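Visitor: Following this message is one structure expressed as C-alpha cells.
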Amino acid sequence: METDILPVSPENLGRITFKPTADDLVDEWHIEWANDAVDVQNLQRAAYELATTNNPVGFPTETVYGLGADATKGEAVRAIFQAKGRPADNPLIVHFSSIKQLRGLLKGRRSTEESDNGVQAEEGEEQDPIPEIYKPLIRKFWPGPLTIILPNPEDSLLAPEVTAGLNTFGARMPRSILALALIDMAGCPLAAPSANASTRPSPTAAEHVKDDLNGRIHTIIDGGPCNVGVESTVVDGLSSPPAILRPGGVTMEQLRQCPGWENVVVGYKDKPEHGIRPRAPGMKYRHYSPKAMVVLYETGATLPSPTETFEQIKERKSVGIIRTKTWPKALGLAINEHIDGQANGNEIAEKSNSISNPINTTEPSNSLAAPSNLLLSITQHQVPHAHHYALSDSGIPHAIDVWDIDLGAQADGVARGLFSALRELDKKGVDMIFVEGVDDREGGDIAAAVMNRLRKAAEVRI
Ligand code: TXA
Ligand code: MG
C-alpha cells in the first residue's frame, strides 16, 4: 500500500466567517471554499476517503496528529486499532466539528429516527444532553486541547469499538481549522487516537506519521507541525469531585478557574501502580517511548559531572541529550578536564555549526480577521535540531557520537518540541538519552503534561 502525504495549508482554504450561537457555547463557523485551491481538493480527497471507505486517515490537530475514522462505523474503527497495533481495551477520543453534532450523538439513535419521521420535540421540552458541569469548560476551552468524558447513550450511534466496553466516551472539538473542516466535510464525528504506532511518541508532524505508519494507511494530511505538541487534557466531570485523567494542553490552574472545577483532583499517576487500574485506560500502557533508553533527571537533581557522564556512556556508541533550562551544551563534556584519570585524553569536536535555538515560533497570523481561537495558519516552528559531537578519549577504542538538542527554558517550547526530539534522536540511532526535566511543581503551565510523558518514557529517573 502506498502512503500519500497531501499538503493542506489552512490559509488557502477560503474565507471563514463566525456566528455566535444562541446558547453561547461555541461560535458556529462557515467556510466559503476556495474551490480551485489544491489545498481544498486535497482536503476533499481525504474527507471522501473517510466517508466512503474504511481506511483511516492521518490528520493534524493543534495537539498532535490523529488517525481518524468514522466513529459510527465498526469496521473503520477497527482499522485504526489495526494500523497502530493498539490494544483493543484502550478507548478512542471522538472529535466533533460543532456542538450540534455532539448533541445529536448524545441523544442516541432514537432521536435520529424521530427527526427522520418528522417527529420534533417541542422547543424547551427536552433537556440539553450536555451535562451542565461541562458548559463552563466548553465555553472557555473549545475548540481546543480538552477532552471531556460524557455518558454514552444506550442506543448510541458510536461503534462499540470506540469506547472499549465503557459506558462513557471522550469528546473533543479541536482548534485546528483543518481538523474541523475535515470532520465537517466527512460528515461524521471522527474517532481518532494519536497517529503513532502503539508505544511510540505521538506524532507532531506529518513525516512522523509516515515514519510509523508507512504502508499501513493510504493518506496523511500534512498541515505542518503541531502548535501544542502534547495531547489534550482529559477530564471527568461525571465523578465527584471532578478529575483530570490525563494532563495536557489545558492546565489544572486554568481548569480551577471554571465554576464547578475549583476542586478538580489529579486522577492519574505518572507511573502505573501495581494493582491499581487507571481511570483513563490508555494511561496504563508503555507510551511515548523512543527505542533508546531514557534517563530522566528531575528538576533539582544534580547535573551529572562530565566524569560521571563519561563513565555512563563509555560503553555506548551513540548517546543523545535533551536539555531545557540549565544544562550546558553536551553536558559540559567539551570542558577540557580530566576524565577517567586521563589528563589530555578527552576532546569533543563539534561537527555542525547549526542554529543554537532551534525552536523558533511565530504566532499564528489572523490574516482572515477571524476570532483568534481557531488555528488558521501553519506555525512556522521547525523540528528540533540535533547538534553532533564526536567524543574521543584514550580510555575508549572508538569515538562516541553525542547528539545534543536544546529545547529552551520555556515549558510550552519544551512541550512543542519534546516528541519530535525523542524521534529525532531515535533516527540518529542513539542507544541512550539523557533528559533534563522541567519544574512541574507550580502547576501553572504545561510542565505537568511534559513531565507526565517523560516519566512514562523514562527507564531511569534521577
Ligand atoms: O490531543 C489528543 O487528545 C489527541 C488528538 C489526536 O486529538 N488524541 C489522543 O488520543 O491523544 P489517544 O487515543 O492517544 O488518547 C486517548 C486517551 C487515552 O488515555 C484513553 O484511555 C482516554 O483518552 N480515554 C478515551 N476514552 C475514555 C473514557 N471513556 N474514559 C476514560 N478515558 C478515556
Ligand atoms: Mg496516544
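Ordered as shown in the C-alpha cells, chains take letters A, B, and onward, while each chain numbers its residues from 1 and ligands are numbered from 1 in the order shown.
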Residues at most 8 Å from Leu182 of chain A, counting only C-alpha atoms, excluding those fewer than 2 positions away in the same chain, as a list in words?
Guide: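 Residues meeting the cut-off are Leu43, Gln44, Ala46, Ala47, Leu178, Ala179, Leu180, Asp184, Met185 and Ala186 of chain A.
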Visitor: Under the rule of at most 8 Å, produce a per-residue listing of chain A near ligand 1: chain, number, name, the closest pair of atoms, and the distance in Å, as a tab-separated table, using only C-alpha atoms and all ligand atoms.
Guide:
```
residue	atom	partner	partner_atom_place_in_ligand_line	distance
A:Pro60	CA	ligand 1	6 (C)	7.6
A:Thr61	CA	ligand 1	5 (C)	6.2
A:Glu62	CA	ligand 1	1 (O)	7.6
A:Thr63	CA	ligand 1	1 (O)	4.8
A:Val64	CA	ligand 1	5 (C)	5.4
A:Tyr65	CA	ligand 1	6 (C)	5.3
A:Gly66	CA	ligand 1	6 (C)	3.6
A:Leu67	CA	ligand 1	6 (C)	6.8
A:Asn90	CA	ligand 1	21 (O)	5.1
A:Pro91	CA	ligand 1	25 (C)	4.5
A:Leu92	CA	ligand 1	13 (O)	4.6
A:Ile93	CA	ligand 1	25 (C)	5.1
A:His95	CA	ligand 1	7 (O)	7.1
A:Pro145	CA	ligand 1	1 (O)	6.0
A:Leu146	CA	ligand 1	3 (O)	7.3
A:Thr147	CA	ligand 1	3 (O)	6.5
A:Ile149	CA	ligand 1	29 (N)	5.7
A:Leu150	CA	ligand 1	29 (N)	7.2
A:Val162	CA	ligand 1	26 (N)	7.8
A:Thr163	CA	ligand 1	29 (N)	5.8
A:Leu166	CA	ligand 1	29 (N)	5.9
A:Asn167	CA	ligand 1	29 (N)	7.0
A:Thr168	CA	ligand 1	29 (N)	4.4
A:Phe169	CA	ligand 1	29 (N)	3.7
A:Gly170	CA	ligand 1	26 (N)	4.3
A:Ala171	CA	ligand 1	26 (N)	7.9
A:Arg172	CA	ligand 1	7 (O)	7.0
A:Pro174	CA	ligand 1	7 (O)	6.9
A:Ala192	CA	ligand 1	6 (C)	5.5
A:Pro193	CA	ligand 1	13 (O)	3.3
A:Ser194	CA	ligand 1	14 (O)	4.2
A:Ala195	CA	ligand 1	6 (C)	7.0
A:Ser202	CA	ligand 1	14 (O)	7.5
A:Val230	CA	ligand 1	1 (O)	6.7
A:Glu231	CA	ligand 1	1 (O)	3.4
A:Ser232	CA	ligand 1	1 (O)	3.7
A:Thr233	CA	ligand 1	3 (O)	6.9
A:Val234	CA	ligand 1	23 (O)	6.3
A:Asp236	CA	ligand 1	31 (C)	7.6
A:Leu245	CA	ligand 1	32 (N)	6.8
A:Arg246	CA	ligand 1	19 (O)	6.8
A:Gly248	CA	ligand 1	1 (O)	7.7
A:Gly249	CA	ligand 1	1 (O)	7.8
A:Arg279	CA	ligand 1	31 (C)	5.6
A:Ala280	CA	ligand 1	32 (N)	3.4
A:Pro281	CA	ligand 1	21 (O)	3.9
A:Gly282	CA	ligand 1	21 (O)	3.3
A:Met283	CA	ligand 1	19 (O)	5.0
```
Visitor: At a cut-off of 7 Å, using only C-alpha atoms, what residues contact segment 268-270 of chain A? Leave out same-chain residues fewer than 3 positions from it and give the result as a compact mmCIF listing (two decimals) with C-alpha atoms, in the first residue's frame.
Guide:
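Produced file around.txt, reproduced below:
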```txt
# COMPACT_ATOMS: atom_id res chain seq x y z
CA ILE A 244 -8.03 15.16 35.45
CA LEU A 245 -7.40 11.76 33.86
CA ARG A 246 -4.50 12.92 31.67
CA PRO A 278 -6.08 3.88 35.91
CA ASN A 452 3.98 13.02 32.78
CA ARG A 455 8.23 9.85 33.38
CA LYS A 456 6.38 7.30 31.27
```
Visitor: Within 9 Å of Val265 of chain A, counting only C-alpha atoms, which residues qualify if same-chain residues fewer than 2 places away don't, as number ranges by chain?
Guide: A: 241-244, 252, 261, 263, 267
Visitor: Env of His218 of chain A: 7 Å cut, atoms = only C-alpha atoms, seq-sep filter 3 positions within chain, self excluded. Answer as a list in words.
Guide: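 Within the cut-off, the hits are Met1, Glu2, Thr3 and Asp4 of chain A.
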Visitor: Expressed in Å to a single decimal, how great is the separation between atom CA of Leu255 of chain A and atom CA of Ile177 of chain A?
Guide: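 About the pair atom CA of Leu255 of chain A and atom CA of Ile177 of chain A: they are 23.6 Å apart.
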Visitor: I need the residue nearest Ala51 of chain A from this list: A:Cys188, A:Glu126, A:Met173, A:Thr21. Use only C-alpha atoms for the distance.
Guide: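 With only C-alpha atoms as the atom set, the closest residue is A:Cys188.
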Visitor: Rank nothing, just name the residue among A:Gly413, A:Arg453, A:Lys271, A:Ala37 nearest to ligand 2, using only C-alpha atoms and all ligand atoms.
Guide: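 Looking only at the distances to ligand 2, the closest residue turns out to be A:Arg453.
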Visitor: As number ranges by chain, please: every residue in segment 89-312 of chain A that a backbone DSSP assignment puts in alpha helix (DSSP H).
Guide: A: 99-116, 135-141, 160-163, 177-186, 206-213, 252-256, 306-312
Visitor: Would you compute the distance between atom CA of Ser289 of chain A and atom CA of Met432 of chain A? Give it in Å to one decimal.
Guide: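 Result for atom CA of Ser289 of chain A versus atom CA of Met432 of chain A: 12.0 Å, one decimal.
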Visitor: Identify which of the residues A:Cys258, A:Ala181, A:Leu157, A:Ala197 lies closest to ligand 2, counting only C-alpha atoms and all ligand atoms when measuring atom-to-atom distances.
Guide: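 For ligand 2, the nearest of the given residues is A:Ala197.
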Visitor: I'd like the interatomic distance between atom CA of Ile133 of chain A and atom CA of Asp27 of chain A, to a tenth of an Å.
Guide: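 Those two atoms sit 19.4 Å apart.
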Visitor: Find the residues around segment 73-82 of chain A up to 7 Å (only C-alpha atoms counted), leave out those fewer than 3 positions away in its own chain, and share them as a PDB file with N, CA, C and O atoms, in the first residue's frame.
Guide:
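So result-v6.pdb came out as:
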```pdb
ATOM      1  N   ASN A  54     -13.271   2.328   4.555  1.00  0.00           N
ATOM      2  CA  ASN A  54     -12.952   2.077   5.971  1.00  0.00           C
ATOM      3  C   ASN A  54     -11.496   2.397   6.278  1.00  0.00           C
ATOM      4  O   ASN A  54     -10.964   1.975   7.304  1.00  0.00           O
ATOM      5  N   ASN A  55     -10.835   3.153   5.385  1.00  0.00           N
ATOM      6  CA  ASN A  55      -9.424   3.483   5.607  1.00  0.00           C
ATOM      7  C   ASN A  55      -9.290   4.636   6.586  1.00  0.00           C
ATOM      8  O   ASN A  55      -9.861   5.691   6.366  1.00  0.00           O
ATOM      9  N   PRO A  56      -8.489   4.467   7.625  1.00  0.00           N
ATOM     10  CA  PRO A  56      -8.226   5.613   8.494  1.00  0.00           C
ATOM     11  C   PRO A  56      -7.289   6.622   7.816  1.00  0.00           C
ATOM     12  O   PRO A  56      -6.468   6.241   6.984  1.00  0.00           O
ATOM     13  N   LEU A  67      -5.216   9.786  13.986  1.00  0.00           N
ATOM     14  CA  LEU A  67      -5.527   8.813  12.945  1.00  0.00           C
ATOM     15  C   LEU A  67      -7.029   8.604  13.006  1.00  0.00           C
ATOM     16  O   LEU A  67      -7.532   7.966  13.931  1.00  0.00           O
ATOM     17  N   ALA A  69     -11.191   7.987  11.786  1.00  0.00           N
ATOM     18  CA  ALA A  69     -12.156   7.206  11.004  1.00  0.00           C
ATOM     19  C   ALA A  69     -13.547   7.533  11.523  1.00  0.00           C
ATOM     20  O   ALA A  69     -13.691   8.021  12.654  1.00  0.00           O
ATOM     21  N   ASP A  70     -14.569   7.262  10.685  1.00  0.00           N
ATOM     22  CA  ASP A  70     -15.961   7.495  11.071  1.00  0.00           C
ATOM     23  C   ASP A  70     -16.256   6.734  12.369  1.00  0.00           C
ATOM     24  O   ASP A  70     -16.187   5.495  12.395  1.00  0.00           O
ATOM     25  N   GLY A  85      -1.573  -0.932  15.880  1.00  0.00           N
ATOM     26  CA  GLY A  85      -1.219  -2.021  16.785  1.00  0.00           C
ATOM     27  C   GLY A  85      -1.648  -1.675  18.204  1.00  0.00           C
ATOM     28  O   GLY A  85      -0.970  -1.975  19.183  1.00  0.00           O
ATOM     29  N   ARG A  86      -2.809  -1.021  18.311  1.00  0.00           N
ATOM     30  CA  ARG A  86      -3.280  -0.544  19.626  1.00  0.00           C
ATOM     31  C   ARG A  86      -4.102  -1.622  20.325  1.00  0.00           C
ATOM     32  O   ARG A  86      -4.924  -2.279  19.687  1.00  0.00           O
ATOM     33  N   ALA A  88      -7.062  -3.385  22.129  1.00  0.00           N
ATOM     34  CA  ALA A  88      -8.486  -3.118  21.910  1.00  0.00           C
ATOM     35  C   ALA A  88      -9.176  -2.556  23.146  1.00  0.00           C
ATOM     36  O   ALA A  88     -10.278  -2.012  23.058  1.00  0.00           O
ATOM     37  N   ALA A 159     -19.702   3.313  17.218  1.00  0.00           N
ATOM     38  CA  ALA A 159     -19.302   1.908  17.122  1.00  0.00           C
ATOM     39  C   ALA A 159     -18.799   1.472  18.495  1.00  0.00           C
ATOM     40  O   ALA A 159     -18.086   2.237  19.149  1.00  0.00           O
ATOM     41  N   GLU A 161     -16.505  -0.396  19.402  1.00  0.00           N
ATOM     42  CA  GLU A 161     -15.038  -0.441  19.483  1.00  0.00           C
ATOM     43  C   GLU A 161     -14.452   0.877  19.996  1.00  0.00           C
ATOM     44  O   GLU A 161     -13.369   0.901  20.578  1.00  0.00           O
ATOM     45  N   VAL A 162     -15.164   1.988  19.784  1.00  0.00           N
ATOM     46  CA  VAL A 162     -14.658   3.304  20.176  1.00  0.00           C
ATOM     47  C   VAL A 162     -14.480   3.386  21.684  1.00  0.00           C
ATOM     48  O   VAL A 162     -13.505   3.925  22.192  1.00  0.00           O
TER      49      VAL A 162
END
```
Visitor: Please extract the residues of segment 277-314 of chain A with a backbone DSSP assignment of strand (DSSP E) and present them as a list of chain:residue names.
Guide: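 Filtering segment 277-314 of chain A to strand (DSSP E) leaves A:Met293, A:Val294, A:Val295, A:Leu296, A:Tyr297.
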Visitor: Now that the selection is made, can you save its residues with N, CA, C and O atoms as a short mmCIF file (atom, residue, chain, number, x, y, z; two decimals), in the first residue's frame?
Guide:
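Contents of the output file part_30.cif:
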```cif
data_model
loop_
_atom_site.label_atom_id
_atom_site.label_comp_id
_atom_site.auth_asym_id
_atom_site.auth_seq_id
_atom_site.Cartn_x
_atom_site.Cartn_y
_atom_site.Cartn_z
N MET A 293 17.15 3.94 25.56
CA MET A 293 16.85 4.02 26.99
C MET A 293 16.86 5.50 27.40
O MET A 293 17.79 6.23 27.05
N VAL A 294 15.81 5.92 28.12
CA VAL A 294 15.72 7.32 28.53
C VAL A 294 16.10 7.46 30.00
O VAL A 294 15.56 6.76 30.85
N VAL A 295 17.05 8.34 30.29
CA VAL A 295 17.42 8.63 31.68
C VAL A 295 16.96 10.05 31.98
O VAL A 295 17.45 11.02 31.40
N LEU A 296 15.97 10.17 32.86
CA LEU A 296 15.36 11.47 33.14
C LEU A 296 15.90 12.06 34.43
O LEU A 296 15.84 11.41 35.48
N TYR A 297 16.39 13.26 34.38
CA TYR A 297 16.80 14.00 35.58
C TYR A 297 15.67 14.94 35.97
O TYR A 297 15.31 15.83 35.21
#
```
Visitor: Contacts of Lys19 of chain A at 10 Å or less, counting only C-alpha atoms, minus same-chain residues fewer than 3 places along, as a PDB file with N, CA and C atoms, in the first residue's frame?
Guide:
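Result file follows (part.pdb):
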```pdb
ATOM      1  N   ALA A  22     -27.049  30.709  19.968  1.00  0.00           N
ATOM      2  CA  ALA A  22     -27.980  31.168  20.999  1.00  0.00           C
ATOM      3  C   ALA A  22     -27.494  30.787  22.397  1.00  0.00           C
ATOM      4  N   ASP A  24     -24.481  30.245  23.277  1.00  0.00           N
ATOM      5  CA  ASP A  24     -23.208  30.874  23.592  1.00  0.00           C
ATOM      6  C   ASP A  24     -22.103  29.869  23.950  1.00  0.00           C
ATOM      7  N   VAL A  26     -20.146  27.539  21.692  1.00  0.00           N
ATOM      8  CA  VAL A  26     -19.037  27.688  20.733  1.00  0.00           C
ATOM      9  C   VAL A  26     -19.602  28.358  19.485  1.00  0.00           C
ATOM     10  N   ASP A  27     -18.888  29.362  18.963  1.00  0.00           N
ATOM     11  CA  ASP A  27     -19.342  30.021  17.730  1.00  0.00           C
ATOM     12  C   ASP A  27     -19.470  29.015  16.594  1.00  0.00           C
ATOM     13  N   GLU A  28     -20.494  29.231  15.738  1.00  0.00           N
ATOM     14  CA  GLU A  28     -20.561  28.425  14.520  1.00  0.00           C
ATOM     15  C   GLU A  28     -19.634  29.028  13.491  1.00  0.00           C
ATOM     16  N   TRP A  29     -18.998  28.192  12.713  1.00  0.00           N
ATOM     17  CA  TRP A  29     -18.099  28.721  11.687  1.00  0.00           C
ATOM     18  C   TRP A  29     -18.541  28.235  10.317  1.00  0.00           C
ATOM     19  N   HIS A  30     -18.159  29.005   9.301  1.00  0.00           N
ATOM     20  CA  HIS A  30     -18.540  28.648   7.933  1.00  0.00           C
ATOM     21  C   HIS A  30     -17.400  29.021   6.995  1.00  0.00           C
TER      22      HIS A  30
END
```
Visitor: Which one is closest to ligand 2: A:Asn152, A:Ser97, A:Asn35, A:Asn196? Count only C-alpha atoms and all ligand atoms.
Guide: A:Asn196
Visitor: I'd like to know which of A:Ser156, A:Ser9, A:Thr52, A:Thr204 is closest to ligand 2, using only C-alpha atoms and all ligand atoms.
Guide: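 Smallest distance to ligand 2 is found for A:Thr204.
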Visitor: With only C-alpha atoms as the basis for distance, which of A:Leu238, A:Ala206, A:Val250, A:Ala421 is at the shortest distance from Ile322 of chain A?
Guide: A:Ala421
